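J.: Let me give you the structure first, and then I'll get to my questions.
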Amino acid sequence: MRLSQMRSAASSAVLAFALSALTVGSVQAEELTGTLKKIKETGQITIGYRDASVPFSYLDNDQKPVGYAFDICQKIAEAVKTSLKLPNIEVKLNPVTSATRIPLIANGTIDLECGSTTNNADRQKQVAFTNTHFLTATRYVAKKSAKLNTIEDLKGKTVVSTSGTTNIRQINEANTARSLGLTILPAKDHAEAFLMVETGRAVAFVMDDVLLASLAAGSKEPTAYAISTEALSKPEPYGIMLRKDDAPFKAVVDEATAKLYKSADGKVLYDKWFTKPIPPRGINLMLPMSEAMVKTFANPSDSADPAAY
């Protein structure tokens, strides 16, 4: 083969390879599906936020959403921009409630829901969740002066829980199973229940630990209260919701959350919202990361099974 022919053949091969690469790139771009395709085509990713789910997602004094879960969603949005190589994607914000959050995920109005949504088997039939960002459990709050910490410490005492909740059912079950001899008072709401502990009508208030932390932090004397280390329930995982059956988008979200939680930044973010003063009133939930949370961050999971934690 002549030199000119060899050069011509080489040029043709290079051209063919370049065209092939362009075609593959074009096909890959066209092969985007689900949420990633929607985000690329619209140039927008929409985050659903809660207005009063302290400290997960709530409004500050300027009526702007802030919070632990909200910060996580912002990190996810940045990861999506990087994945799609589209740094100028707009992050839109859309308010949601406990009643609208799942429908708005399902119908495509929002792409991520940041709040305090429990990841359970029933909800996984409708939506998907990324890696767990918080574990709550049923515990009790009491005055430090009472020196109560375990369930056995409550023997023979008067406790309160909010009427109609799973928490009051759990303390009733524990009372029977452990022969604790408790007097269990039902309160009409969380505020009334906490007031009973403040005024000495009950020694302890049984409820989700994160809610107890918020109530204690907002009280007249936050340092006067302590939350039990022993729980009455298995851990209940909270997760960021996304659409079901959208594996490519979930892969990006899962990678982003796992990277955050396993890094030092994950602990820093947790401490920012749970162990330090938070806006707008500067309350401190004083809820350090539990042993279960430390393990969950080290080995991120989207499991809905409490036994997995």
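We name chains A, B, ... following the order of the structure tokens; residues begin at 1 in each chain, and ligands are numbered from 1 as shown.
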Excluding same-chain residues fewer than 4 positions from A:Ile151, what lies within 8 Å of it counting only C-alpha atoms, as JSON, numbers by chain?
T.: {"A": [155, 230, 231, 232]}
J.: Got a sec: who's within 12 Å of A:Gln74, counting only C-alpha atoms, leaving out chain neighbours fewer than 3 positions off, as a tab-separated table (two decimals) with C-alpha atoms, in the first residue's frame?
T.:
```tsv
chain	number	residue	atom	x	y	z
A	45	ILE	CA	-34.82	20.37	39.60
A	46	THR	CA	-37.64	20.89	42.07
A	47	ILE	CA	-37.26	20.37	45.82
A	48	GLY	CA	-40.30	19.96	48.04
A	49	TYR	CA	-39.89	21.45	51.51
A	57	SER	CA	-37.15	21.59	56.90
A	65	PRO	CA	-36.69	27.18	53.89
A	66	VAL	CA	-33.77	25.98	56.00
A	67	GLY	CA	-32.94	22.79	57.85
A	68	TYR	CA	-30.99	19.57	58.03
A	69	ALA	CA	-32.91	17.70	55.32
A	70	PHE	CA	-33.10	20.85	53.21
A	71	ASP	CA	-29.29	21.10	53.26
A	77	ALA	CA	-29.09	18.98	43.57
A	78	GLU	CA	-25.40	19.85	43.17
A	79	ALA	CA	-24.59	16.19	42.51
A	80	VAL	CA	-27.29	16.05	39.81
A	81	LYS	CA	-25.81	19.14	38.13
A	90	GLU	CA	-32.20	25.97	38.37
A	91	VAL	CA	-33.17	24.68	41.81
A	92	LYS	CA	-36.88	25.38	42.27
A	93	LEU	CA	-38.59	25.20	45.67
A	112	LEU	CA	-37.07	15.41	45.91
A	113	GLU	CA	-38.91	15.79	49.22
A	114	CYS	CA	-36.87	17.00	52.15
A	240	ILE	CA	-35.47	11.87	51.29
A	253	VAL	CA	-29.03	10.49	44.69
A	256	ALA	CA	-24.48	11.75	46.70
A	257	THR	CA	-26.01	10.96	50.09
A	260	LEU	CA	-21.94	12.97	52.32
```
J.: Determine which residues of stretch 29-182 of chain A DSSP labels as strand (DSSP E) from the backbone of this structure, then write them out as an NGL selection string.
T.: :A and (44-49 or 52-53 or 57-59 or 65-66 or 90-95 or 112-114 or 127-129 or 134-136 or 138-143 or 158-162)
J.: Could you please take those selected residues and save C-alpha atoms as an mmCIF file, in the first residue's frame?
T.:
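Written output follows (result.cif):
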```
data_model
loop_
_atom_site.group_PDB
_atom_site.id
_atom_site.type_symbol
_atom_site.label_atom_id
_atom_site.label_comp_id
_atom_site.auth_asym_id
_atom_site.auth_seq_id
_atom_site.Cartn_x
_atom_site.Cartn_y
_atom_site.Cartn_z
ATOM 1 C CA GLN A 44 -34.842 22.645 36.564
ATOM 2 C CA ILE A 45 -34.818 20.372 39.598
ATOM 3 C CA THR A 46 -37.644 20.891 42.075
ATOM 4 C CA ILE A 47 -37.256 20.372 45.815
ATOM 5 C CA GLY A 48 -40.300 19.960 48.038
ATOM 6 C CA TYR A 49 -39.892 21.446 51.509
ATOM 7 C CA ALA A 52 -42.550 23.683 60.128
ATOM 8 C CA SER A 53 -40.637 20.409 60.445
ATOM 9 C CA SER A 57 -37.148 21.586 56.905
ATOM 10 C CA TYR A 58 -38.840 24.781 58.062
ATOM 11 C CA LEU A 59 -39.064 28.515 57.422
ATOM 12 C CA PRO A 65 -36.689 27.181 53.888
ATOM 13 C CA VAL A 66 -33.771 25.979 55.999
ATOM 14 C CA GLU A 90 -32.198 25.972 38.371
ATOM 15 C CA VAL A 91 -33.172 24.679 41.806
ATOM 16 C CA LYS A 92 -36.883 25.382 42.274
ATOM 17 C CA LEU A 93 -38.593 25.201 45.671
ATOM 18 C CA ASN A 94 -42.131 23.945 46.221
ATOM 19 C CA PRO A 95 -43.904 23.762 49.614
ATOM 20 C CA LEU A 112 -37.075 15.412 45.907
ATOM 21 C CA GLU A 113 -38.909 15.789 49.223
ATOM 22 C CA CYS A 114 -36.868 17.003 52.154
ATOM 23 C CA VAL A 127 -42.298 6.157 46.290
ATOM 24 C CA ALA A 128 -38.597 5.464 46.716
ATOM 25 C CA PHE A 129 -36.225 6.698 49.418
ATOM 26 C CA PHE A 134 -32.086 10.315 60.649
ATOM 27 C CA LEU A 135 -33.304 7.662 63.063
ATOM 28 C CA THR A 136 -36.010 8.505 65.551
ATOM 29 C CA THR A 138 -39.943 6.428 71.116
ATOM 30 C CA ARG A 139 -38.218 7.674 74.274
ATOM 31 C CA TYR A 140 -39.222 9.906 77.165
ATOM 32 C CA VAL A 141 -38.226 13.319 78.440
ATOM 33 C CA ALA A 142 -38.012 14.035 82.163
ATOM 34 C CA LYS A 143 -36.467 16.610 84.451
ATOM 35 C CA THR A 158 -47.063 8.697 86.476
ATOM 36 C CA VAL A 159 -46.207 9.332 82.824
ATOM 37 C CA VAL A 160 -47.985 11.103 79.985
ATOM 38 C CA SER A 161 -48.229 10.613 76.224
ATOM 39 C CA THR A 162 -50.326 12.194 73.517
#
```
J.: For A:Leu148, which residue among A:Thr229, A:Ser301, A:Thr275, A:Thr199 is the nearest when counting only C-alpha atoms?
T.: A:Thr229
J.: Just checking: using only C-alpha atoms, which residue out of A:Thr223, A:Ser233, A:Asn149, A:Ser214 ends up closest to A:Glu173?
T.: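 For A:Glu173, the nearest of the candidates is A:Ser233.
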J.: Pull the helix (DSSP H, G or I) assignments for stretch 185-216 of chain A out of DSSP run on the backbone, and list those residues as a PyMOL selection string.
T.: chain A and resi 190-198+209-216
J.: Each residue of stretch 52-161 of chain A lying at most 8 Å from stretch 276-280 of chain A should get a row with its shortest atom-to-atom pair and the distance in Å to one decimal, counting only C-alpha atoms; could you produce that, ordered by chain and increasing number, as a tab-separated table?
T.:
```
residue	atom	partner	partner_atom	distance
A:Pro55	CA	A:Ile278	CA	7.9
A:Asp60	CA	A:Pro280	CA	5.5
A:Asn61	CA	A:Pro280	CA	5.9
```
